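Novice: Questions regarding the structure given below will be posed in turn.
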Amino acid sequence: MTVVDLPSLQTRRRDLLDTYGVRAPRYTSYPTAVQFTPAINAEIYGGWLESLPADEVVSLYAHIPFCRRLCWYCGCNTRVVNGGSAVSRYVGRLSEELDLVQARLPGRFKATQIHLGGGTPNVLSDEDLAALFGKLRRVFDVTGDAEISAEIDPVVFNADWARAAVSHGLTRVSLGVQDLTPAVQRAVNRNEPFSVIVEAVRILRGLGVPSVNFDVMYGLPRQAVSDVLNTLSQLVTLRPDRLALFGYAHVPWMKAHQKLINEAELPDAVARLDASEAAAEFLMAVGYERIGLDHFALPSDPLAIAAREGRTMRNFQGYGASGPQTLLGFGASAISQLRQGIVQNVTAELAWGQALDKGLLPTARGVALTADDRFRGEIIERLMCEFTIDLAETSAAHGFPADVLAGAEPTLATLERDGLITREGSVVSVTPLGRPYVRAVCAAFDAYLEPEAGRHALAV
Ligand SMILES: C[S@@+](CC[C@H](N)C(=O)[O-])C[C@H]1O[C@@H](n2cnc3c(N)ncnc32)[C@H](O)[C@@H]1O
Ligand code: SF4
């Protein structure tokens with residue numbers, strides 16, 4: 001049995017921060033969004049849709065870019081609306097986008113997963129929900145056992161919304177918590193007492209929603225490690241099925257409202273690393289299994305079962321148990337992933353609607369996948385999910401010679417020397433020391449990566 005000496009592990013991890021805590025992609029896709037170009041346009045996406053097999057099984061994503069409040073840390077594509085008319089208009093336009101996609105599809109595909117993301121999907125009214133789910137079910141054959149999930153702002157949440165969503169098949173909710181400490185909440189303009197979360201969970205469980213997730217963040221302004229742990233101690237009393245623990249991505253050059261955050265109050269890289277590791281240790285000590293970079297699940301949860309069986313996947317929505325390879329995204333900024341490539345819709349709601357006015361798919365950019373992209377993408381996804389990969393086996397499965405990754409050799413040798421990975425034959429495994437730096441390990445296989453300061457958030 002290996003005995004891991006935790007304090008010294010943490011000290012060694014801190015020593016690695018200067019070298020490996022640099023800015024790095026989150027690898028929710030490979031190639032990453034930096035490689036998306038306008039050369040992949042509506043015409044190309046339409047052609048890709050047409051050439052899918054008629055019996056394709058898909059996962060669906062609808063982006064709802066509206067909120068009732070603006071949290072200063074928010075990195076999502078959203079805006080604050082007070083009334084419901086803008087939201088209802090938008091749902092009407094989503095229906096037009098679904099019509100345009102349907103016109104290109106060779107059949108009525110089975111859909112086994114639907115995710116409503118945002119923004120705040122619980123700003124949708126009963127009528128909006130009925131219109132959206134009605135349309136999705138007309139265009140797609142949503143299976144009886146489909147997993148239907150939504151991101152929820154607990155402060156806006158109420159029982160009427162939950163009842164309506166459950167009547168449309170809701171099976172999983174993700175409640176945004178972030179941090180329950182009043183001083184941290186003030187520093188990010190997000191007031192959210194624990195009682196609101198308790199009540200939301202009571203309603204959801206009462207309605208029989210099988211799976212509840214909480215989003216928690218570290219790296220927020222004025223947030224001490226003890227604040228993260230206090231937040232988690234309260235949350236685990238509600239026994240959520242899953243928790244996601246996100247490191248705050250501070251990218252004010254992309255999200256202007258993040259400039260409202262006082263940078264002097266942000267924890268430094270050492271404090272971020274300490275918070276994320278202390279949080280992980282705490283969650284594992286109270287019975288959660290650690291999945292990938294930032295997810296935790298009860299051992300009975302399908303995500304934990306999938307992780308034990310090596311079946312987790314990573315996409316734009318984070319980690320999930322294995323599902324369809326094809327993801328069709330709808331709404332402003334939504335991303336679709338097909339075997340031919342990845343496409344992203346126009347981000348601005350106005351321009352997205354203008355494309356629909358012209359009867360065009362609102363595609364803004366994307367990337368066509370080469371055989372090399374698929375090969376490297378699989379290595380990166382397995383590392384992000386399972387922290388280990390057999391390079392020879394993966395090369396052979398993709399029809400590449402064993403020396404195809406010779407270019408990565410110097411970086412791998414350095415990572416091994418620094419204790420982030422071990423190598424046994426062709427199997428590369430990320431060590432416990434290297435786990436927080438898995439993005440840096442993935443970067444060794446990224447054929448596009450150039451050190452472009454400022455384009456990504458901190459890697460830890
Ligand atoms: C799309 S948001 C929807 C959450 C929901 N509207 C709410 O506020 O509760 C999903 C999650 O993304 C995470 N998130 C948002 N901005 C982030 C950032 N800048 N860095 C890291 N995580 C972020 C938060 O944990 C948030 O709960
Ligand atoms: S965290 Fe949620 S409520 Fe806050 S701005 Fe982002 S999407 Fe909206």
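Please note that chains go A, B, ... in the order of the structure tokens, that every chain numbers its residues from 1, and that ligands are numbered from 1 in the order shown.
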Report as CSV: every residue of chain A with an atom at most 10 Å from ligand 2, its closest pair of atoms, and their distance in Å to one decimal, counting only C-alpha atoms and all ligand atoms, with rows sorted by chain and ascending residue number.
Specialist:
```
residue,atom,partner,partner_atom_place_in_ligand_line,distance
A:Ile64,CA,ligand 2,7 (S),9.2
A:Pro65,CA,ligand 2,7 (S),7.7
A:Phe66,CA,ligand 2,8 (Fe),6.9
A:Cys67,CA,ligand 2,8 (Fe),4.6
A:Arg68,CA,ligand 2,3 (S),6.6
A:Arg69,CA,ligand 2,3 (S),5.5
A:Leu70,CA,ligand 2,5 (S),4.1
A:Cys71,CA,ligand 2,4 (Fe),4.1
A:Trp72,CA,ligand 2,5 (S),7.0
A:Tyr73,CA,ligand 2,1 (S),7.3
A:Cys74,CA,ligand 2,6 (Fe),4.3
A:Gly75,CA,ligand 2,6 (Fe),6.6
A:Cys76,CA,ligand 2,6 (Fe),5.7
A:Asn77,CA,ligand 2,7 (S),7.6
A:Thr78,CA,ligand 2,7 (S),6.2
A:Arg79,CA,ligand 2,8 (Fe),7.3
A:Val80,CA,ligand 2,8 (Fe),7.5
A:Gly117,CA,ligand 2,7 (S),8.6
A:Gly118,CA,ligand 2,7 (S),5.5
A:Gly119,CA,ligand 2,7 (S),3.7
A:Thr120,CA,ligand 2,7 (S),5.5
A:Pro121,CA,ligand 2,7 (S),9.0
A:Glu151,CA,ligand 2,2 (Fe),8.3
A:Ile152,CA,ligand 2,2 (Fe),7.6
A:Asp153,CA,ligand 2,3 (S),5.7
A:Pro154,CA,ligand 2,3 (S),8.9
A:Val155,CA,ligand 2,3 (S),8.7
A:Val156,CA,ligand 2,3 (S),8.7
A:Leu175,CA,ligand 2,2 (Fe),9.2
A:Gly176,CA,ligand 2,2 (Fe),6.7
A:Val177,CA,ligand 2,1 (S),8.8
A:Gln178,CA,ligand 2,1 (S),8.5
A:Val188,CA,ligand 2,4 (Fe),9.3
A:Asn189,CA,ligand 2,4 (Fe),8.8
A:Arg190,CA,ligand 2,4 (Fe),7.3
A:Asp215,CA,ligand 2,1 (S),9.7
A:His257,CA,ligand 2,5 (S),9.8
```
Novice: Those same residues, written as an mmCIF file, in the first residue's frame with N, CA and C atoms?
Specialist:
```cif
data_model
loop_
_atom_site.group_PDB
_atom_site.id
_atom_site.type_symbol
_atom_site.label_atom_id
_atom_site.label_comp_id
_atom_site.auth_asym_id
_atom_site.auth_seq_id
_atom_site.Cartn_x
_atom_site.Cartn_y
_atom_site.Cartn_z
ATOM 1 N N ILE A 64 -29.903 29.479 -22.435
ATOM 2 C CA ILE A 64 -30.871 30.504 -22.022
ATOM 3 C C ILE A 64 -30.075 31.690 -21.440
ATOM 4 N N PRO A 65 -29.803 32.710 -22.251
ATOM 5 C CA PRO A 65 -28.853 33.748 -21.816
ATOM 6 C C PRO A 65 -29.499 34.879 -21.012
ATOM 7 N N PHE A 66 -30.275 34.524 -20.009
ATOM 8 C CA PHE A 66 -30.952 35.541 -19.187
ATOM 9 C C PHE A 66 -30.804 35.213 -17.713
ATOM 10 N N CYS A 67 -30.681 36.261 -16.916
ATOM 11 C CA CYS A 67 -30.608 36.121 -15.459
ATOM 12 C C CYS A 67 -31.420 37.219 -14.815
ATOM 13 N N ARG A 68 -31.717 37.033 -13.534
ATOM 14 C CA ARG A 68 -32.378 38.092 -12.762
ATOM 15 C C ARG A 68 -31.361 38.971 -12.052
ATOM 16 N N ARG A 69 -30.108 38.529 -12.004
ATOM 17 C CA ARG A 69 -29.075 39.303 -11.319
ATOM 18 C C ARG A 69 -27.744 39.081 -12.030
ATOM 19 N N LEU A 70 -26.817 39.997 -11.791
ATOM 20 C CA LEU A 70 -25.497 39.855 -12.415
ATOM 21 C C LEU A 70 -24.454 39.605 -11.326
ATOM 22 N N CYS A 71 -23.935 38.410 -11.292
ATOM 23 C CA CYS A 71 -22.885 38.073 -10.334
ATOM 24 C C CYS A 71 -21.564 38.509 -10.977
ATOM 25 N N TRP A 72 -20.761 39.211 -10.214
ATOM 26 C CA TRP A 72 -19.599 39.850 -10.841
ATOM 27 C C TRP A 72 -18.548 38.872 -11.348
ATOM 28 N N TYR A 73 -18.539 37.668 -10.815
ATOM 29 C CA TYR A 73 -17.538 36.700 -11.262
ATOM 30 C C TYR A 73 -17.956 36.017 -12.562
ATOM 31 N N CYS A 74 -19.209 36.218 -12.994
ATOM 32 C CA CYS A 74 -19.790 35.310 -13.990
ATOM 33 C C CYS A 74 -19.038 35.321 -15.322
ATOM 34 N N GLY A 75 -18.749 34.130 -15.799
ATOM 35 C CA GLY A 75 -18.059 33.982 -17.075
ATOM 36 C C GLY A 75 -18.999 33.508 -18.178
ATOM 37 N N CYS A 76 -20.298 33.420 -17.864
ATOM 38 C CA CYS A 76 -21.236 32.853 -18.836
ATOM 39 C C CYS A 76 -21.766 33.925 -19.785
ATOM 40 N N ASN A 77 -22.345 33.497 -20.904
ATOM 41 C CA ASN A 77 -22.941 34.426 -21.858
ATOM 42 C C ASN A 77 -24.385 34.674 -21.424
ATOM 43 N N THR A 78 -24.621 35.807 -20.762
ATOM 44 C CA THR A 78 -25.944 36.078 -20.217
ATOM 45 C C THR A 78 -26.144 37.578 -20.025
ATOM 46 N N ARG A 79 -27.403 37.989 -19.825
ATOM 47 C CA ARG A 79 -27.685 39.385 -19.473
ATOM 48 C C ARG A 79 -28.876 39.413 -18.540
ATOM 49 N N VAL A 80 -28.981 40.525 -17.806
ATOM 50 C CA VAL A 80 -30.061 40.624 -16.823
ATOM 51 C C VAL A 80 -31.324 41.130 -17.503
ATOM 52 N N GLY A 117 -28.958 25.213 -20.232
ATOM 53 C CA GLY A 117 -27.872 25.916 -19.555
ATOM 54 C C GLY A 117 -28.063 27.414 -19.656
ATOM 55 N N GLY A 118 -27.195 28.113 -18.964
ATOM 56 C CA GLY A 118 -27.394 29.571 -19.007
ATOM 57 C C GLY A 118 -26.154 30.309 -18.598
ATOM 58 N N GLY A 119 -26.442 31.506 -18.081
ATOM 59 C CA GLY A 119 -27.729 31.994 -17.697
ATOM 60 C C GLY A 119 -28.500 31.181 -16.655
ATOM 61 N N THR A 120 -29.778 31.489 -16.645
ATOM 62 C CA THR A 120 -30.663 30.951 -15.617
ATOM 63 C C THR A 120 -31.928 30.383 -16.263
ATOM 64 N N PRO A 121 -31.926 29.105 -16.604
ATOM 65 C CA PRO A 121 -33.111 28.528 -17.253
ATOM 66 C C PRO A 121 -34.376 28.619 -16.407
ATOM 67 N N GLU A 151 -29.657 24.167 -15.272
ATOM 68 C CA GLU A 151 -28.903 24.976 -14.308
ATOM 69 C C GLU A 151 -29.878 25.954 -13.662
ATOM 70 N N ILE A 152 -29.779 26.066 -12.365
ATOM 71 C CA ILE A 152 -30.780 26.799 -11.597
ATOM 72 C C ILE A 152 -30.115 27.855 -10.711
ATOM 73 N N ASP A 153 -30.678 29.048 -10.711
ATOM 74 C CA ASP A 153 -30.288 30.027 -9.695
ATOM 75 C C ASP A 153 -31.262 29.866 -8.527
ATOM 76 N N PRO A 154 -30.789 29.405 -7.354
ATOM 77 C CA PRO A 154 -31.705 29.092 -6.244
ATOM 78 C C PRO A 154 -32.519 30.291 -5.778
ATOM 79 N N VAL A 155 -31.978 31.504 -5.935
ATOM 80 C CA VAL A 155 -32.681 32.693 -5.441
ATOM 81 C C VAL A 155 -33.922 32.994 -6.288
ATOM 82 N N VAL A 156 -33.900 32.551 -7.532
ATOM 83 C CA VAL A 156 -35.029 32.802 -8.435
ATOM 84 C C VAL A 156 -35.988 31.602 -8.454
ATOM 85 N N LEU A 175 -27.667 23.440 -8.911
ATOM 86 C CA LEU A 175 -27.942 24.696 -8.205
ATOM 87 C C LEU A 175 -26.639 25.460 -8.001
ATOM 88 N N GLY A 176 -26.614 26.715 -8.394
ATOM 89 C CA GLY A 176 -25.426 27.530 -8.181
ATOM 90 C C GLY A 176 -25.372 27.990 -6.729
ATOM 91 N N VAL A 177 -24.281 27.651 -6.043
ATOM 92 C CA VAL A 177 -24.111 28.108 -4.658
ATOM 93 C C VAL A 177 -22.896 29.038 -4.601
ATOM 94 N N GLN A 178 -21.779 28.575 -5.020
ATOM 95 C CA GLN A 178 -20.491 29.294 -5.046
ATOM 96 C C GLN A 178 -19.889 29.385 -3.643
ATOM 97 N N VAL A 188 -18.940 39.639 -4.513
ATOM 98 C CA VAL A 188 -19.258 39.212 -5.884
ATOM 99 C C VAL A 188 -20.699 39.553 -6.264
ATOM 100 N N ASN A 189 -21.371 40.337 -5.403
ATOM 101 C CA ASN A 189 -22.737 40.780 -5.693
ATOM 102 C C ASN A 189 -23.708 39.610 -5.840
ATOM 103 N N ARG A 190 -23.634 38.682 -4.905
ATOM 104 C CA ARG A 190 -24.536 37.526 -4.978
ATOM 105 C C ARG A 190 -24.976 37.150 -3.567
ATOM 106 N N ASP A 215 -23.020 23.745 -7.463
ATOM 107 C CA ASP A 215 -21.773 24.350 -7.958
ATOM 108 C C ASP A 215 -21.159 25.172 -6.833
ATOM 109 N N HIS A 257 -17.624 42.927 -16.780
ATOM 110 C CA HIS A 257 -18.174 43.109 -15.417
ATOM 111 C C HIS A 257 -17.270 42.505 -14.336
#
```
Novice: Would you please extract all helix (DSSP H, G or I) residues from segment 179-298 of chain A, as assigned by DSSP on the backbone, and give them as an MDAnalysis selection string?
Specialist: chainID A and resid 182:187 194:206 225:236 256:260 263:265 269:285
Novice: How would the residues just picked look written out with C-alpha atoms as a PDB file, in the first residue's frame?
Specialist:
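Now in again30.pdb:
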```pdb
ATOM      1  CA  PRO A 182     -21.696  36.789   3.562  1.00  0.00           C
ATOM      2  CA  ALA A 183     -18.445  38.766   3.010  1.00  0.00           C
ATOM      3  CA  VAL A 184     -17.615  36.696  -0.096  1.00  0.00           C
ATOM      4  CA  GLN A 185     -21.165  37.017  -1.385  1.00  0.00           C
ATOM      5  CA  ARG A 186     -20.966  40.812  -0.988  1.00  0.00           C
ATOM      6  CA  ALA A 187     -17.640  40.899  -2.862  1.00  0.00           C
ATOM      7  CA  PHE A 194     -28.327  28.800   2.960  1.00  0.00           C
ATOM      8  CA  SER A 195     -32.058  28.658   3.808  1.00  0.00           C
ATOM      9  CA  VAL A 196     -32.864  29.339   0.124  1.00  0.00           C
ATOM     10  CA  ILE A 197     -30.858  26.302  -0.930  1.00  0.00           C
ATOM     11  CA  VAL A 198     -32.393  24.114   1.773  1.00  0.00           C
ATOM     12  CA  GLU A 199     -35.863  25.072   0.547  1.00  0.00           C
ATOM     13  CA  ALA A 200     -34.994  24.484  -3.129  1.00  0.00           C
ATOM     14  CA  VAL A 201     -33.648  21.021  -2.348  1.00  0.00           C
ATOM     15  CA  ARG A 202     -36.724  20.202  -0.225  1.00  0.00           C
ATOM     16  CA  ILE A 203     -39.006  21.110  -3.154  1.00  0.00           C
ATOM     17  CA  LEU A 204     -36.939  19.222  -5.725  1.00  0.00           C
ATOM     18  CA  ARG A 205     -36.661  16.070  -3.631  1.00  0.00           C
ATOM     19  CA  GLY A 206     -40.384  16.288  -2.814  1.00  0.00           C
ATOM     20  CA  VAL A 225      -9.838  28.270   2.654  1.00  0.00           C
ATOM     21  CA  SER A 226     -12.007  28.061   5.782  1.00  0.00           C
ATOM     22  CA  ASP A 227     -14.873  29.776   3.895  1.00  0.00           C
ATOM     23  CA  VAL A 228     -14.794  27.091   1.202  1.00  0.00           C
ATOM     24  CA  LEU A 229     -14.780  24.369   3.875  1.00  0.00           C
ATOM     25  CA  ASN A 230     -17.608  26.015   5.856  1.00  0.00           C
ATOM     26  CA  THR A 231     -19.652  26.269   2.678  1.00  0.00           C
ATOM     27  CA  LEU A 232     -19.097  22.594   1.910  1.00  0.00           C
ATOM     28  CA  SER A 233     -19.833  21.534   5.512  1.00  0.00           C
ATOM     29  CA  GLN A 234     -23.258  23.142   5.251  1.00  0.00           C
ATOM     30  CA  LEU A 235     -23.963  21.803   1.778  1.00  0.00           C
ATOM     31  CA  VAL A 236     -23.112  18.172   2.509  1.00  0.00           C
ATOM     32  CA  ALA A 256     -15.956  43.432 -18.526  1.00  0.00           C
ATOM     33  CA  HIS A 257     -18.174  43.109 -15.417  1.00  0.00           C
ATOM     34  CA  GLN A 258     -15.409  41.094 -13.723  1.00  0.00           C
ATOM     35  CA  LYS A 259     -13.598  44.453 -13.458  1.00  0.00           C
ATOM     36  CA  LEU A 260     -16.053  45.167 -10.608  1.00  0.00           C
ATOM     37  CA  GLU A 263      -8.236  42.118  -7.791  1.00  0.00           C
ATOM     38  CA  ALA A 264      -6.374  42.929  -4.581  1.00  0.00           C
ATOM     39  CA  GLU A 265      -8.911  40.739  -2.765  1.00  0.00           C
ATOM     40  CA  ALA A 269      -2.204  30.862  -6.732  1.00  0.00           C
ATOM     41  CA  VAL A 270      -0.996  29.166  -3.521  1.00  0.00           C
ATOM     42  CA  ALA A 271      -4.261  29.954  -1.738  1.00  0.00           C
ATOM     43  CA  ARG A 272      -6.263  28.676  -4.736  1.00  0.00           C
ATOM     44  CA  LEU A 273      -4.347  25.420  -4.760  1.00  0.00           C
ATOM     45  CA  ASP A 274      -4.751  25.014  -0.987  1.00  0.00           C
ATOM     46  CA  ALA A 275      -8.490  25.698  -1.229  1.00  0.00           C
ATOM     47  CA  SER A 276      -9.084  23.229  -4.041  1.00  0.00           C
ATOM     48  CA  GLU A 277      -7.111  20.455  -2.359  1.00  0.00           C
ATOM     49  CA  ALA A 278      -8.607  21.064   1.109  1.00  0.00           C
ATOM     50  CA  ALA A 279     -12.079  21.002  -0.456  1.00  0.00           C
ATOM     51  CA  ALA A 280     -11.339  17.743  -2.299  1.00  0.00           C
ATOM     52  CA  GLU A 281      -9.966  16.101   0.861  1.00  0.00           C
ATOM     53  CA  PHE A 282     -13.027  17.200   2.807  1.00  0.00           C
ATOM     54  CA  LEU A 283     -15.501  15.874   0.240  1.00  0.00           C
ATOM     55  CA  MET A 284     -13.733  12.535  -0.043  1.00  0.00           C
ATOM     56  CA  ALA A 285     -13.620  12.234   3.753  1.00  0.00           C
TER      57      ALA A 285
END
```
Novice: Determine, counting only C-alpha atoms, which protein, DNA and RNA residues have an atom within 7 Å of an atom of segment 294-308 of chain A; residues of the same chain fewer than 6 positions away are not included. Present the result as a list in words.
Specialist: Asp241, Arg242, Leu243, Ala244, Leu245, Phe246, Gly287, Tyr288, Gly320 and Ala321 of chain A
Novice: Could you give me, as a PyMOL selection string, the residues within 12 Å of Leu391 of chain A, counting only C-alpha atoms and dropping anything in the same chain fewer than 4 positions from it?
Specialist: chain A and resi 375-376+378-380+382-383+395-398+400-406+408-409+412+423-429+445
Novice: From the list A:Ala371, A:Ala334, A:Ala62, A:Leu94, which residue is nearest Asp357 of chain A when using only C-alpha atoms?
Specialist: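 Using only C-alpha atoms, Asp357 of chain A sits closest to A:Leu94.
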Novice: Smallest atom-to-atom distance to Gly341 of chain A: which of A:Val367, A:Cys442, A:Leu360, A:Ile114, using only C-alpha atoms?
Specialist: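 Looking at the shortest contact to Gly341 of chain A, the residue is A:Val367.
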Novice: How would you write, as a ChimeraX atom specification, the set of residues in segment 188-411 of chain A that DSSP gives as strand (DSSP E or B)?
Specialist: /A:211-218,242-247,289-291,295-297,312-315,318-321,326-330,335-337,341-345,363-368,388-390
Novice: Now that the selection is made, can you save its residues with N, CA and C atoms as a short mmCIF file (atom, residue, chain, number, x, y, z; two decimals), in the first residue's frame?
Specialist:
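Contents of result18.cif, freshly written:
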```cif
data_model
loop_
_atom_site.label_atom_id
_atom_site.label_comp_id
_atom_site.auth_asym_id
_atom_site.auth_seq_id
_atom_site.Cartn_x
_atom_site.Cartn_y
_atom_site.Cartn_z
N SER A 211 -31.70 13.69 -9.10
CA SER A 211 -30.30 14.07 -8.94
C SER A 211 -30.14 15.58 -8.74
N VAL A 212 -29.44 15.93 -7.67
CA VAL A 212 -29.20 17.34 -7.35
C VAL A 212 -27.69 17.58 -7.28
N ASN A 213 -27.25 18.62 -7.98
CA ASN A 213 -25.84 19.01 -7.97
C ASN A 213 -25.72 20.44 -7.42
N PHE A 214 -24.63 20.70 -6.71
CA PHE A 214 -24.32 22.07 -6.29
C PHE A 214 -23.03 22.52 -6.98
N ASP A 215 -23.02 23.75 -7.46
CA ASP A 215 -21.77 24.35 -7.96
C ASP A 215 -21.16 25.17 -6.83
N VAL A 216 -19.89 24.92 -6.56
CA VAL A 216 -19.15 25.68 -5.55
C VAL A 216 -17.92 26.26 -6.23
N MET A 217 -17.52 27.45 -5.83
CA MET A 217 -16.32 28.04 -6.44
C MET A 217 -15.26 28.35 -5.38
N TYR A 218 -13.99 28.20 -5.79
CA TYR A 218 -12.89 28.70 -4.96
C TYR A 218 -12.15 29.75 -5.79
N ARG A 242 -24.20 15.20 -6.43
CA ARG A 242 -22.94 15.63 -7.05
C ARG A 242 -22.57 17.03 -6.57
N LEU A 243 -21.30 17.33 -6.62
CA LEU A 243 -20.82 18.70 -6.41
C LEU A 243 -19.78 19.01 -7.48
N ALA A 244 -19.82 20.22 -7.98
CA ALA A 244 -18.76 20.67 -8.89
C ALA A 244 -18.01 21.78 -8.17
N LEU A 245 -16.70 21.71 -8.26
CA LEU A 245 -15.86 22.66 -7.52
C LEU A 245 -15.03 23.43 -8.54
N PHE A 246 -15.49 24.62 -8.90
CA PHE A 246 -14.83 25.36 -9.98
C PHE A 246 -13.86 26.40 -9.43
N GLY A 247 -12.70 26.49 -10.05
CA GLY A 247 -11.77 27.57 -9.72
C GLY A 247 -12.22 28.82 -10.48
N GLU A 289 -16.87 10.58 -4.17
CA GLU A 289 -15.77 10.13 -5.03
C GLU A 289 -15.37 11.28 -5.94
N ARG A 290 -14.07 11.38 -6.15
CA ARG A 290 -13.53 12.49 -6.94
C ARG A 290 -13.52 12.09 -8.40
N ILE A 291 -14.10 12.94 -9.25
CA ILE A 291 -14.19 12.59 -10.67
C ILE A 291 -13.55 13.70 -11.51
N HIS A 295 -15.10 17.45 -10.28
CA HIS A 295 -16.41 16.93 -9.91
C HIS A 295 -16.31 15.90 -8.77
N PHE A 296 -17.39 15.80 -8.01
CA PHE A 296 -17.48 14.85 -6.89
C PHE A 296 -18.88 14.27 -6.94
N ALA A 297 -18.98 12.96 -6.64
CA ALA A 297 -20.30 12.33 -6.68
C ALA A 297 -20.39 11.25 -5.62
N THR A 312 -16.44 7.90 -18.22
CA THR A 312 -16.82 9.31 -18.15
C THR A 312 -16.40 10.03 -19.42
N MET A 313 -17.08 11.11 -19.72
CA MET A 313 -16.70 11.92 -20.87
C MET A 313 -16.67 13.39 -20.47
N ARG A 314 -15.99 14.17 -21.28
CA ARG A 314 -15.91 15.60 -20.97
C ARG A 314 -16.34 16.36 -22.21
N ASN A 315 -17.24 17.32 -22.01
CA ASN A 315 -17.59 18.21 -23.12
C ASN A 315 -17.82 19.61 -22.57
N GLY A 318 -18.93 20.11 -19.07
CA GLY A 318 -18.13 19.55 -17.99
C GLY A 318 -18.07 18.04 -18.12
N TYR A 319 -18.13 17.34 -16.98
CA TYR A 319 -18.03 15.88 -16.98
C TYR A 319 -19.41 15.24 -16.99
N GLY A 320 -19.52 14.09 -17.65
CA GLY A 320 -20.77 13.35 -17.61
C GLY A 320 -20.49 11.87 -17.78
N ALA A 321 -21.50 11.05 -17.43
CA ALA A 321 -21.38 9.63 -17.73
C ALA A 321 -21.53 9.51 -19.24
N THR A 326 -22.73 12.86 -30.40
CA THR A 326 -23.17 14.06 -31.11
C THR A 326 -24.00 14.95 -30.19
N LEU A 327 -23.57 16.20 -30.11
CA LEU A 327 -24.25 17.18 -29.27
C LEU A 327 -24.73 18.31 -30.19
N LEU A 328 -26.03 18.59 -30.15
CA LEU A 328 -26.55 19.69 -30.95
C LEU A 328 -26.94 20.83 -30.02
N GLY A 329 -26.36 22.01 -30.24
CA GLY A 329 -26.59 23.15 -29.36
C GLY A 329 -27.49 24.17 -30.04
N PHE A 330 -28.36 24.78 -29.26
CA PHE A 330 -29.29 25.79 -29.77
C PHE A 330 -29.22 27.03 -28.89
N ILE A 335 -22.78 25.64 -28.43
CA ILE A 335 -21.77 24.88 -29.18
C ILE A 335 -22.35 23.51 -29.54
N SER A 336 -22.06 23.06 -30.76
CA SER A 336 -22.46 21.73 -31.21
C SER A 336 -21.20 20.94 -31.53
N GLN A 337 -21.26 19.66 -31.23
CA GLN A 337 -20.09 18.81 -31.51
C GLN A 337 -20.56 17.61 -32.33
N GLY A 341 -16.82 17.85 -36.79
CA GLY A 341 -16.20 19.03 -36.22
C GLY A 341 -17.05 19.68 -35.15
N ILE A 342 -16.60 20.87 -34.73
CA ILE A 342 -17.27 21.60 -33.65
C ILE A 342 -17.72 22.94 -34.22
N VAL A 343 -18.93 23.37 -33.89
CA VAL A 343 -19.36 24.70 -34.33
C VAL A 343 -19.95 25.46 -33.16
N GLN A 344 -19.80 26.77 -33.22
CA GLN A 344 -20.40 27.63 -32.19
C GLN A 344 -21.31 28.64 -32.84
N ASN A 345 -22.47 28.85 -32.22
CA ASN A 345 -23.40 29.87 -32.70
C ASN A 345 -22.88 31.27 -32.38
N THR A 363 -24.61 30.06 -37.26
CA THR A 363 -23.25 29.58 -36.97
C THR A 363 -22.26 30.73 -37.09
N ALA A 364 -21.37 30.86 -36.12
CA ALA A 364 -20.37 31.93 -36.17
C ALA A 364 -19.00 31.40 -36.53
N ARG A 365 -18.64 30.28 -35.97
CA ARG A 365 -17.27 29.79 -36.13
C ARG A 365 -17.21 28.31 -35.77
N GLY A 366 -16.06 27.74 -36.01
CA GLY A 366 -15.91 26.33 -35.64
C GLY A 366 -14.59 25.78 -36.11
N VAL A 367 -14.49 24.47 -36.03
CA VAL A 367 -13.27 23.82 -36.48
C VAL A 367 -13.63 22.44 -37.02
N ALA A 368 -13.05 22.10 -38.17
CA ALA A 368 -13.25 20.76 -38.73
C ALA A 368 -12.19 19.85 -38.12
N THR A 388 -5.05 8.72 -16.91
CA THR A 388 -4.11 7.72 -17.44
C THR A 388 -4.48 7.41 -18.89
N ILE A 389 -3.47 7.06 -19.68
CA ILE A 389 -3.71 6.74 -21.10
C ILE A 389 -2.60 5.82 -21.60
N ASP A 390 -3.00 4.84 -22.41
CA ASP A 390 -2.01 3.99 -23.05
C ASP A 390 -1.77 4.57 -24.45
#
```
Novice: Could you check how far atom CA of Thr171 of chain A sits from atom CA of Ala146 of chain A, in Å to one decimal?
Specialist: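 Interatomic distance here is 8.4 Å.
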Novice: Which residues are near Asp446 of chain A? Cut-off 12 Å, only C-alpha atoms, ignore same chain within fewer than 5 positions. Put them as a count of residues only.
Specialist: 27
Novice: Ranking A:Leu52, A:Leu356, A:Leu415, A:Ala249 by minimum distance to ligand 1 and counting only C-alpha atoms and all ligand atoms, which one comes first?
Specialist: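 Among the listed residues, A:Ala249 lies closest to ligand 1.
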Novice: Which is closest to ligand 1 among A:His250, A:Arg89, A:Arg435, A:Arg239, if we use only C-alpha atoms and all ligand atoms?
Specialist: A:His250
Novice: Which is closer to ligand 1 than all the others in A:Gly83, A:Pro410, A:His63, A:Tyr90, using only C-alpha atoms and all ligand atoms?
Specialist: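 Closest to ligand 1, using only C-alpha atoms and all ligand atoms: A:His63.
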Novice: Please indicate the distance in Å from atom CA of Ala444 of chain A to atom CA of Pro252 of chain A, rounded to one decimal place.
Specialist: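 Atom CA of Ala444 of chain A sits 27.2 Å away from atom CA of Pro252 of chain A.
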Novice: Find the residues near Leu170 of chain A: any atom within 7 Å, counting only C-alpha atoms, skip ones fewer than 5 places away on the same chain, and give them as JSON, numbers by chain.
Specialist: {"A": [148, 149, 165, 209]}
Novice: Given only C-alpha atoms and all ligand atoms as the basis, pick out the residue of A:Val173, A:Ile40, A:Leu136, A:Ala348 nearest to ligand 1.
Specialist: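 Checking each of A:Val173, A:Ile40, A:Leu136, A:Ala348 against ligand 1, counting only C-alpha atoms and all ligand atoms, the winner is A:Val173.
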